[in-house]
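Text of run_7.cif, listed as mmCIF, C-alpha atoms:
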data_work
#
loop_
_atom_site.label_atom_id
_atom_site.label_comp_id
_atom_site.auth_asym_id
_atom_site.auth_seq_id
_atom_site.Cartn_x
_atom_site.Cartn_y
_atom_site.Cartn_z
CA LEU U 78 -1.05 9.25 16.46
CA ASN U 79 -3.38 10.61 19.14
CA LEU U 80 -2.67 14.19 18.06
CA GLN U 81 -3.42 13.26 14.46
CA GLY U 82 -6.71 11.63 15.39
CA TYR U 83 -5.68 8.19 14.19
CA ILE U 84 -6.44 6.35 17.43
CA MET U 85 -10.17 6.13 18.00
CA PRO U 86 -10.84 3.10 20.21
CA ARG U 87 -13.68 0.88 19.10
CA ARG U 88 -13.51 -1.04 22.36
CA SER U 89 -13.50 0.09 25.97
CA TYR U 90 -9.73 -0.32 26.25
CA HIS U 91 -7.01 0.66 23.81
CA PRO U 92 -3.30 0.32 24.77
CA PHE U 93 -2.23 3.49 22.96
CA HIS U 94 -5.22 5.77 23.46
CA TYR U 95 -4.70 8.94 25.53
CA PRO U 96 -8.02 10.84 25.74
CA PHE U 97 -6.46 14.27 26.40
CA LEU U 98 -4.19 14.08 23.35
CA ALA U 99 -6.87 12.52 21.14
CA SER U 100 -9.34 15.28 22.04
CA MET U 101 -6.97 17.88 20.53
CA ALA U 102 -7.52 16.35 17.06
CA ARG U 103 -11.31 16.73 17.11
CA PRO U 104 -13.06 19.30 14.88
CA GLY U 105 -12.79 22.78 16.35
CA GLU U 106 -9.83 21.91 18.58
CA MET U 107 -6.14 22.86 18.21
CA PHE U 108 -5.23 20.25 15.57
CA ASP U 109 -8.49 20.30 13.64
CA PRO U 110 -8.08 18.08 10.51
CA ALA U 111 -9.74 20.81 8.41
CA THR U 112 -7.03 23.38 9.20
CA LEU U 113 -3.32 23.68 8.46
CA MET U 114 -2.59 23.01 12.13
CA CYS U 115 -3.18 19.31 11.44
CA TYR U 116 0.32 19.20 9.89
CA VAL U 117 1.99 20.22 13.16
CA PRO U 118 1.84 16.65 14.62
CA VAL U 119 3.31 15.34 11.35
CA VAL U 120 6.25 17.72 11.63
CA MET U 121 6.65 16.73 15.28
CA HIS U 122 6.67 13.07 14.22
CA VAL U 123 9.41 13.67 11.62
CA ILE U 124 11.50 15.67 14.13
CA CYS U 125 11.10 12.87 16.68
CA ILE U 126 12.31 10.31 14.12
CA LEU U 127 15.35 12.44 13.23
CA THR U 128 16.21 12.97 16.90
CA LEU U 129 16.02 9.28 17.78
CA ASN U 130 18.06 8.35 14.71
CA THR U 131 20.74 10.88 15.65
CA ILE U 132 20.96 9.49 19.18
CA TYR U 133 21.14 5.89 18.01
CA ARG U 134 23.84 6.74 15.46
CA SER U 135 26.45 7.14 18.20
CA ILE U 136 25.10 4.13 20.12
CA ALA U 137 25.38 1.86 17.05
CA ALA U 138 28.93 3.07 16.37
CA LYS U 139 29.97 2.35 19.96
CA LEU U 140 28.40 -1.14 19.93
CA THR U 141 30.12 -1.95 16.64
CA ASP U 142 33.47 -0.79 18.04
CA TRP U 143 33.06 -3.18 20.97
CA GLU U 144 32.52 -6.10 18.57
CA ASN U 145 36.13 -5.69 17.36
CA HIS U 146 35.70 -6.85 13.76
CA ARG U 147 38.72 -8.12 11.88
CA THR U 148 38.09 -6.22 8.64
CA GLN U 149 36.65 -2.84 7.70
CA GLU U 150 34.06 -4.56 5.50
CA ALA U 151 32.74 -6.63 8.42
CA TYR U 152 32.66 -3.50 10.58
CA ASN U 153 30.69 -1.56 7.95
CA ASN U 154 28.20 -4.40 7.42
CA SER U 155 27.53 -4.69 11.15
CA LEU U 156 27.07 -0.95 11.53
CA ILE U 157 24.75 -0.75 8.52
CA LEU U 158 22.57 -3.58 9.83
CA LYS U 159 22.25 -2.06 13.31
CA ARG U 160 21.36 1.39 12.09
CA PHE U 161 18.94 0.11 9.46
CA LEU U 162 17.02 -2.10 11.90
CA PHE U 163 16.58 0.78 14.34
CA GLU U 164 15.74 3.44 11.77
CA ALA U 165 13.39 1.11 9.87
CA PHE U 166 11.53 0.32 13.09
CA ASP U 167 11.43 4.01 13.97
CA CYS U 168 10.02 4.99 10.55
CA TYR U 169 7.72 2.06 9.78
CA VAL U 170 6.24 1.10 13.16
CA VAL U 171 3.42 3.65 12.89
CA LEU U 172 2.55 2.50 9.38
CA PHE U 173 2.50 -1.18 10.38
CA TYR U 174 0.34 -0.27 13.38
CA LEU U 175 -2.24 1.50 11.21
CA ALA U 176 -2.13 -1.24 8.58
CA PHE U 177 -2.37 -4.39 10.69
CA TYR U 178 -3.65 -3.32 14.12
CA GLU U 179 -6.13 -0.59 13.29
CA ARG U 180 -6.66 -2.06 9.80
CA ASP U 181 -7.55 1.37 8.48
CA VAL U 182 -6.19 1.86 4.97
CA ASP U 183 -7.45 5.46 4.74
CA ARG U 184 -5.47 6.53 7.82
CA LEU U 185 -2.50 4.49 6.60
CA ARG U 186 -2.60 6.29 3.26
CA MET U 187 -2.90 9.69 4.95
CA GLU U 188 0.01 9.02 7.30
CA LEU U 189 2.15 7.61 4.49
CA ILE U 190 1.47 10.60 2.24
CA THR U 191 2.19 13.18 4.92
CA VAL U 192 5.32 11.55 6.36
CA PHE U 193 6.73 10.61 2.95
CA ASN U 194 6.13 14.06 1.45
CA VAL U 195 7.35 15.96 4.52
CA ASP U 196 10.52 13.84 4.60
CA SER U 197 11.05 14.42 0.87
CA PHE U 198 10.78 18.19 1.33
CA ARG U 199 13.12 17.99 4.33
CA ARG U 200 15.75 16.22 2.26
CA LEU U 201 15.25 18.75 -0.54
CA PHE U 202 15.76 21.61 1.88
CA LEU U 203 18.77 20.17 3.73
CA GLU U 204 20.54 18.68 0.71
CA VAL U 205 19.78 21.26 -1.99
CA ILE U 206 18.89 24.66 -0.59
CA VAL U 207 21.21 24.65 2.45
CA PRO U 208 24.35 23.54 0.50
CA MET U 209 23.70 26.15 -2.18
CA ALA U 210 23.29 28.87 0.46
CA LEU U 211 26.50 27.80 2.25
CA HIS U 212 28.44 27.79 -0.99
CA ARG U 213 27.19 31.23 -2.02
CA LYS U 214 28.07 32.63 1.40
CA ALA U 215 31.57 31.11 1.31
CA ARG U 216 32.11 32.31 -2.25
CA ASP U 217 31.16 35.87 -1.32
CA ASN U 218 33.64 35.89 1.56
CA GLU U 219 36.57 33.84 0.28
CA HIS U 220 36.82 30.81 -1.93
CA PRO U 221 37.61 27.93 0.48
CA GLN U 222 40.28 25.36 -0.15
CA ASP U 223 39.28 21.73 -0.47
CA LEU U 224 40.86 20.80 2.87
CA ASP U 225 38.78 23.47 4.62
CA LEU U 226 35.51 21.84 3.52
CA ASP U 227 33.59 19.16 5.42
CA GLU U 228 34.23 15.52 4.61
CA TYR U 229 31.61 13.79 2.50
CA GLU U 230 29.75 11.04 4.37
CA PRO U 231 27.84 8.70 2.00
CA PHE U 232 26.38 6.59 4.83
CA ASP U 233 23.42 8.88 5.51
CA ASP U 234 22.64 9.24 1.80
CA TYR U 235 22.46 5.47 1.43
CA MET U 236 20.27 5.15 4.52
CA GLU U 237 17.83 7.84 3.42
CA ILE U 238 17.40 6.25 0.00
CA LEU U 239 16.87 2.83 1.60
CA ILE U 240 14.20 4.14 4.00
CA GLN U 241 12.45 5.98 1.18
CA PHE U 242 12.56 2.80 -0.91
CA GLY U 243 10.78 1.02 1.95
CA TYR U 244 7.97 3.60 1.91
CA VAL U 245 7.52 2.97 -1.81
CA THR U 246 7.64 -0.84 -1.85
CA LEU U 247 6.29 -2.04 1.51
CA PHE U 248 3.09 0.01 1.22
CA ALA U 249 2.77 0.33 -2.55
CA SER U 250 -0.91 -0.67 -2.63
CA ALA U 251 -1.79 2.04 -0.10
CA TYR U 252 0.03 4.89 -1.88
CA PRO U 253 0.84 4.01 -5.53
CA LEU U 254 1.85 7.60 -6.31
CA ALA U 255 4.83 7.30 -3.93
CA SER U 256 6.97 5.75 -6.69
CA LEU U 257 6.53 8.84 -8.89
CA VAL U 258 7.31 11.22 -6.03
CA PHE U 259 10.34 9.09 -5.14
CA CYS U 260 11.69 9.18 -8.71
CA ILE U 261 11.34 12.97 -8.86
CA ALA U 262 13.01 13.39 -5.45
CA VAL U 263 15.89 11.08 -6.42
CA ALA U 264 16.41 12.90 -9.73
CA ILE U 265 16.70 16.20 -7.86
CA GLU U 266 18.99 14.66 -5.23
CA VAL U 267 21.35 13.29 -7.88
CA ARG U 268 21.98 16.80 -9.15
CA SER U 269 22.18 18.22 -5.63
CA ASP U 270 24.75 15.59 -4.62
CA CYS U 271 26.83 16.52 -7.66
CA TYR U 272 26.71 20.15 -6.56
CA LYS U 273 27.55 19.18 -2.98
CA LEU U 274 30.51 17.02 -4.02
CA THR U 275 31.81 19.76 -6.33
CA TYR U 276 31.53 22.83 -4.13
CA VAL U 277 30.47 22.02 -0.55
CA CYS U 278 32.38 18.87 0.53
CA GLN U 279 35.85 17.47 0.12
CA LYS U 280 36.39 15.19 -2.84
CA PRO U 281 36.03 11.61 -1.52
CA ASN U 282 38.68 8.98 -2.13
CA SER U 283 37.69 6.41 -4.73
CA GLU U 284 37.67 2.75 -3.71
CA ARG U 285 37.25 -0.32 -5.92
CA VAL U 286 34.48 -2.59 -4.63
CA ASN U 287 32.55 -5.52 -6.08
CA SER U 288 29.12 -4.21 -5.02
CA ILE U 289 27.42 -1.98 -2.47
CA GLY U 290 27.62 -4.83 0.05
CA MET U 291 25.08 -4.93 2.86
CA TRP U 292 22.96 -2.22 1.22
CA LYS U 293 22.19 -4.57 -1.67
CA SER U 294 21.16 -7.37 0.71
CA LEU U 295 18.83 -5.02 2.60
CA LEU U 296 17.26 -3.86 -0.65
CA LYS U 297 16.60 -7.47 -1.64
CA CYS U 298 15.07 -8.29 1.75
CA MET U 299 12.79 -5.27 1.46
CA VAL U 300 11.63 -6.27 -2.02
CA TRP U 301 10.77 -9.83 -0.95
CA MET U 302 9.07 -8.58 2.22
CA SER U 303 6.94 -6.18 0.17
CA CYS U 304 5.30 -9.21 -1.50
CA LEU U 305 3.85 -10.21 1.87
CA THR U 306 2.92 -6.73 3.14
CA ASN U 307 1.10 -5.72 -0.04
CA CYS U 308 -0.82 -8.99 -0.21
CA LEU U 309 -1.88 -8.51 3.42
CA LEU U 310 -2.95 -4.96 2.63
CA PHE U 311 -4.94 -6.31 -0.31
CA GLY U 312 -6.86 -8.94 1.61
CA TYR U 313 -6.65 -7.97 5.28
CA THR U 314 -6.62 -4.17 5.56
CA SER U 315 -8.26 -2.65 2.50
CA GLU U 316 -11.51 -3.47 0.69
CA GLN U 317 -9.78 -4.44 -2.53
CA MET U 318 -10.48 -8.16 -2.22
CA MET U 319 -14.09 -7.43 -1.30
CA TYR U 320 -14.38 -5.41 -4.51
CA PHE U 321 -13.14 -8.32 -6.65
CA LEU U 322 -14.78 -11.14 -4.64
CA PRO U 323 -17.99 -9.74 -3.10
CA VAL U 324 -19.53 -13.23 -2.72
CA PHE U 325 -17.09 -13.95 0.13
CA TYR U 326 -18.45 -11.10 2.30
CA THR U 327 -21.61 -10.36 4.26
CA GLU U 328 -22.84 -7.25 6.08
CA ASP U 329 -23.23 -7.26 9.85
CA GLU U 330 -25.74 -5.31 11.93
CA THR U 331 -23.74 -2.07 11.71
CA GLY U 332 -23.43 -2.28 7.92
CA ASP U 333 -19.73 -3.20 7.91
CA ALA U 334 -18.59 -5.92 5.52
CA GLN U 335 -17.22 -9.06 7.12
CA LEU U 336 -15.88 -12.32 5.71
CA ALA U 337 -18.49 -15.04 5.59
CA HIS U 338 -18.17 -17.69 8.28
CA ASP U 339 -17.05 -20.47 5.94
CA LYS U 340 -15.00 -18.33 3.55
CA GLY U 341 -12.09 -17.35 5.81
CA TRP U 342 -9.84 -20.19 4.69
CA ILE U 343 -10.37 -19.19 1.05
CA ALA U 344 -9.32 -15.60 1.81
CA ILE U 345 -6.17 -16.82 3.55
CA PHE U 346 -5.43 -19.12 0.61
CA ILE U 347 -5.83 -16.22 -1.85
CA ILE U 348 -3.62 -13.85 0.17
CA PHE U 349 -0.71 -16.23 0.61
CA GLY U 350 -1.24 -17.71 -2.85
CA LEU U 351 -0.77 -14.25 -4.39
CA GLU U 352 2.34 -13.80 -2.27
CA ARG U 353 3.81 -17.05 -3.62
CA VAL U 354 2.95 -16.02 -7.18
CA LEU U 355 4.74 -12.67 -6.75
CA ILE U 356 7.79 -14.41 -5.29
CA ILE U 357 7.87 -16.90 -8.21
CA ILE U 358 7.62 -14.02 -10.71
CA GLY U 359 10.45 -12.20 -8.92
CA LEU U 360 12.69 -15.28 -8.89
CA THR U 361 11.92 -15.93 -12.56
CA LEU U 362 12.87 -12.38 -13.54
CA GLN U 363 16.01 -12.61 -11.40
CA ASN U 364 17.10 -15.75 -13.28
CA LEU U 365 16.13 -14.47 -16.73
CA ILE U 366 17.86 -11.09 -16.43
CA PRO U 367 21.63 -11.64 -16.14
CA ALA U 368 23.58 -9.73 -13.51
CA VAL U 369 26.24 -8.91 -16.14
CA PRO U 370 25.00 -8.04 -19.67
CA GLU U 371 26.22 -10.23 -22.50
CA GLU U 372 27.98 -7.32 -24.24
CA LEU U 373 29.92 -6.54 -21.08
CA LYS U 374 30.93 -10.20 -20.73
CA ILE U 375 32.33 -10.13 -24.26
CA GLN U 376 34.29 -6.95 -23.52
CA LEU U 377 35.70 -8.47 -20.32
CA HIS U 378 36.77 -11.65 -22.15
CA ARG U 379 38.38 -9.53 -24.86
CA ARG U 380 40.22 -7.49 -22.25
CA ARG U 381 41.53 -10.61 -20.49
CA PHE U 382 42.63 -12.06 -23.83
CA LEU U 383 44.55 -8.90 -24.76
CA LEU U 384 46.19 -8.74 -21.35
CA SER U 385 47.25 -12.38 -21.52
CA THR U 386 48.60 -11.87 -25.05
CA MET U 387 50.62 -8.82 -23.99
CA MET U 388 52.04 -10.74 -21.03
CA LYS U 389 53.16 -13.59 -23.27
CA LYS U 390 54.86 -11.20 -25.68
CA THR U 391 56.59 -9.46 -22.78
CA GLN U 392 57.90 -12.78 -21.45
#

Go through the file and emit its structure as structure tokens.
Amino acid sequence: LNLQGYIMPRRSYHPFHYPFLASMARPGEMFDPATLMCYVPVVMHVICILTLNTIYRSIAAKLTDWENHRTQEAYNNSLILKRFLFEAFDCYVVLFYLAFYERDVDRLRMELITVFNVDSFRRLFLEVIVPMALHRKARDNEHPQDLDLDEYEPFDDYMEILIQFGYVTLFASAYPLASLVFCIAVAIEVRSDCYKLTYVCQKPNSERVNSIGMWKSLLKCMVWMSCLTNCLLFGYTSEQMMYFLPVFYTEDETGDAQLAHDKGWIAIFIIFGLERVLIIIGLTLQNLIPAVPEELKIQLHRRRFLLSTMMKKTQ
């Protein structure tokens, strides 16, 4: 953050300000925001995240082994939760810092755009270009047998999609275009995963499951949490509420807009009132839209009826 010029202390003391590093982000210095060198700290940030996640991967597996779960499902759920909590903290802590400590929506948007786009291009490179190059090289030498290929590991694919989904939902009001970029990246990754499963990795064993388990619960938690984060961005970080309700704000001596002395409770009421409205809308849609479509229910009932009829005839 210092190298990117995001930490500029307004007070005499700032817990995360390092003057030497912050000076390198000033105009004319090494990481001048007007030059391409400003993307070097972003790349360093992404590499740091990947390195920490790789280290914690083995730590989480060891901790889960020590818990000695009775079933494989319980083991997987515990491992997923541990890795998600660490990787989510690792990826989102900077964004939450800019949003709710610095309260600077412009820097939040810039950091979100750079990290989200750099991570999308990284996934495109590692999961599309690299597998294609490996397959072409192996095909030129000798066509490998399926047992000679690497095993397919879906865990990392699930985790990457979940983290990307958090970028899109938790900070949607700061970067609305993220949903479009995410859809394009996912569409490309679907085809790349098909290519990877066909030519680069071993064919995975199919397993019958009722749902995606813990991944679904984490997705739900992220959706409900996004109601709060986006409402706080609306009223606490950005100037969106000031644009719609200018009568609640006054200008101080420096020209900055501040909430009027007797209007703070109204702003808090609006922020958390909007959050409750979004939650009610979400719960309403969840109850109105059935988990199993009506046509599928009819087909399942028909299938059960035919099976029961065949069993009776057999008996």

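The shell of residues at most 12 Å from Asp109 of chain U, with only C-alpha atoms counted and near chain neighbours (fewer than 5 positions) removed, consists of Leu80, Gln81, Gly82, Ala99, Ser100, Met101, Ala102, Arg103, Pro104, Met114, Cys115, Tyr116, Val117 and Pro118 of chain U.
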
Task: Among the residues U:His338, U:Phe177, U:Thr246, U:Gly350, the one that comes closest to Val324 of chain U [using all atoms listed in the file] - done: U:His338

TODO: Identify all residues satisfying the PyMOL selection byres ((chain U and resi 275) around 12) in the given file; provide them as a ChimeraX atom specification.
DONE: /U:208-209,212,222-223,226-229,268-274,276-281

Selection above as a file: C-alpha atoms, as a PDB file, in the coordinates of the input:
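In the end it all went to again-v4.pdb:
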ATOM      1  CA  PRO U 208      24.350  23.540   0.500  1.00  0.00           C
ATOM      2  CA  MET U 209      23.700  26.150  -2.180  1.00  0.00           C
ATOM      3  CA  HIS U 212      28.440  27.790  -0.990  1.00  0.00           C
ATOM      4  CA  GLN U 222      40.280  25.360  -0.150  1.00  0.00           C
ATOM      5  CA  ASP U 223      39.280  21.730  -0.470  1.00  0.00           C
ATOM      6  CA  LEU U 226      35.510  21.840   3.520  1.00  0.00           C
ATOM      7  CA  ASP U 227      33.590  19.160   5.420  1.00  0.00           C
ATOM      8  CA  GLU U 228      34.230  15.520   4.610  1.00  0.00           C
ATOM      9  CA  TYR U 229      31.610  13.790   2.500  1.00  0.00           C
ATOM     10  CA  ARG U 268      21.980  16.800  -9.150  1.00  0.00           C
ATOM     11  CA  SER U 269      22.180  18.220  -5.630  1.00  0.00           C
ATOM     12  CA  ASP U 270      24.750  15.590  -4.620  1.00  0.00           C
ATOM     13  CA  CYS U 271      26.830  16.520  -7.660  1.00  0.00           C
ATOM     14  CA  TYR U 272      26.710  20.150  -6.560  1.00  0.00           C
ATOM     15  CA  LYS U 273      27.550  19.180  -2.980  1.00  0.00           C
ATOM     16  CA  LEU U 274      30.510  17.020  -4.020  1.00  0.00           C
ATOM     17  CA  TYR U 276      31.530  22.830  -4.130  1.00  0.00           C
ATOM     18  CA  VAL U 277      30.470  22.020  -0.550  1.00  0.00           C
ATOM     19  CA  CYS U 278      32.380  18.870   0.530  1.00  0.00           C
ATOM     20  CA  GLN U 279      35.850  17.470   0.120  1.00  0.00           C
ATOM     21  CA  LYS U 280      36.390  15.190  -2.840  1.00  0.00           C
ATOM     22  CA  PRO U 281      36.030  11.610  -1.520  1.00  0.00           C
TER      23      PRO U 281
END

Surrounding residues of Leu162 of chain U excluding itself and chain neighbours under 5 positions, 12 Å, all atoms listed in the file, as a PDB file with C-alpha atoms, in the coordinates of the input:
ATOM      1  CA  ASN U 130      18.060   8.350  14.710  1.00  0.00           C
ATOM      2  CA  TYR U 133      21.140   5.890  18.010  1.00  0.00           C
ATOM      3  CA  ARG U 134      23.840   6.740  15.460  1.00  0.00           C
ATOM      4  CA  ALA U 137      25.380   1.860  17.050  1.00  0.00           C
ATOM      5  CA  SER U 155      27.530  -4.690  11.150  1.00  0.00           C
ATOM      6  CA  LEU U 156      27.070  -0.950  11.530  1.00  0.00           C
ATOM      7  CA  ILE U 157      24.750  -0.750   8.520  1.00  0.00           C
ATOM      8  CA  ASP U 167      11.430   4.010  13.970  1.00  0.00           C
ATOM      9  CA  CYS U 168      10.020   4.990  10.550  1.00  0.00           C
ATOM     10  CA  TYR U 169       7.720   2.060   9.780  1.00  0.00           C
ATOM     11  CA  VAL U 170       6.240   1.100  13.160  1.00  0.00           C
ATOM     12  CA  MET U 236      20.270   5.150   4.520  1.00  0.00           C
ATOM     13  CA  LEU U 239      16.870   2.830   1.600  1.00  0.00           C
ATOM     14  CA  ILE U 240      14.200   4.140   4.000  1.00  0.00           C
ATOM     15  CA  LEU U 295      18.830  -5.020   2.600  1.00  0.00           C
ATOM     16  CA  MET U 299      12.790  -5.270   1.460  1.00  0.00           C
TER      17      MET U 299
END

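Proximity ranking of U:Ala255, U:Ile358, U:Met85, U:Val267 relative to Val205 of chain U places U:Val267 first, based on only C-alpha atoms.
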
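Using only C-alpha atoms, the nearest neighbour of Trp292 of chain U within the list U:Asn154, U:Arg186, U:Pro110, U:Thr141 is U:Asn154.
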
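With atom CA of Asn79 of chain U on one side and atom CA of Pro96 of chain U on the other, the separation reads 8.1 Å.
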
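Here atom CA of Glu188 of chain U is placed at a distance of 29.2 Å from atom CA of Thr327 of chain U.
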
Open item on the list: Can you tell me which residues surround Ile347 of chain U at a distance of at most 10 Å, considering only C-alpha atoms, apart from same-chain residues fewer than 6 positions away, and format the answer as a ChimeraX atom specification?
Closed with: /U:308,312,318,341,353

TODO: Find the distance between atom CA of Ile132 of chain U and atom CA of Lys159 of chain U and write it in Å to one decimal.
DONE: 13.0 Å

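Proximity ranking of U:Phe325, U:Phe311, U:Phe163, U:Tyr83 relative to Ala251 of chain U places U:Phe311 first, based on only C-alpha atoms.
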
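Once the PyMOL selection byres ((chain U and resi 148-152) around 12) is applied to the shown structure, the selection contains Ala137, Ala138, Lys139, Leu140, Thr141, Asp142, Trp143, Glu144, Asn145, His146, Arg147, Asn153, Asn154, Ser155, Leu156, Ile157, Leu158, Lys159, Val286, Asn287, Ser288, Ile289, Gly290 and Met291 of chain U.
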
- [ ] List, as a list of chain:residue names, every residue that the PyMOL selection byres ((chain U and resi 258) around 12) selects in the file provided.
- [x] U:Ile190, U:Phe193, U:Asn194, U:Val195, U:Asp196, U:Ser197, U:Phe198, U:Gln241, U:Phe242, U:Tyr244, U:Val245, U:Tyr252, U:Pro253, U:Leu254, U:Ala255, U:Ser256, U:Leu257, U:Phe259, U:Cys260, U:Ile261, U:Ala262, U:Val263, U:Ala264, U:Ile265

Quick one: axis-aligned box around all listed atoms of segment 241-250 of chain U, 8 Å on every side, centre and edge lengths in Å to one decimal, written as JSON.
{"center_x": 5.8, "center_y": 2.0, "center_z": -0.3, "size_x": 29.5, "size_y": 24.0, "size_z": 20.6}
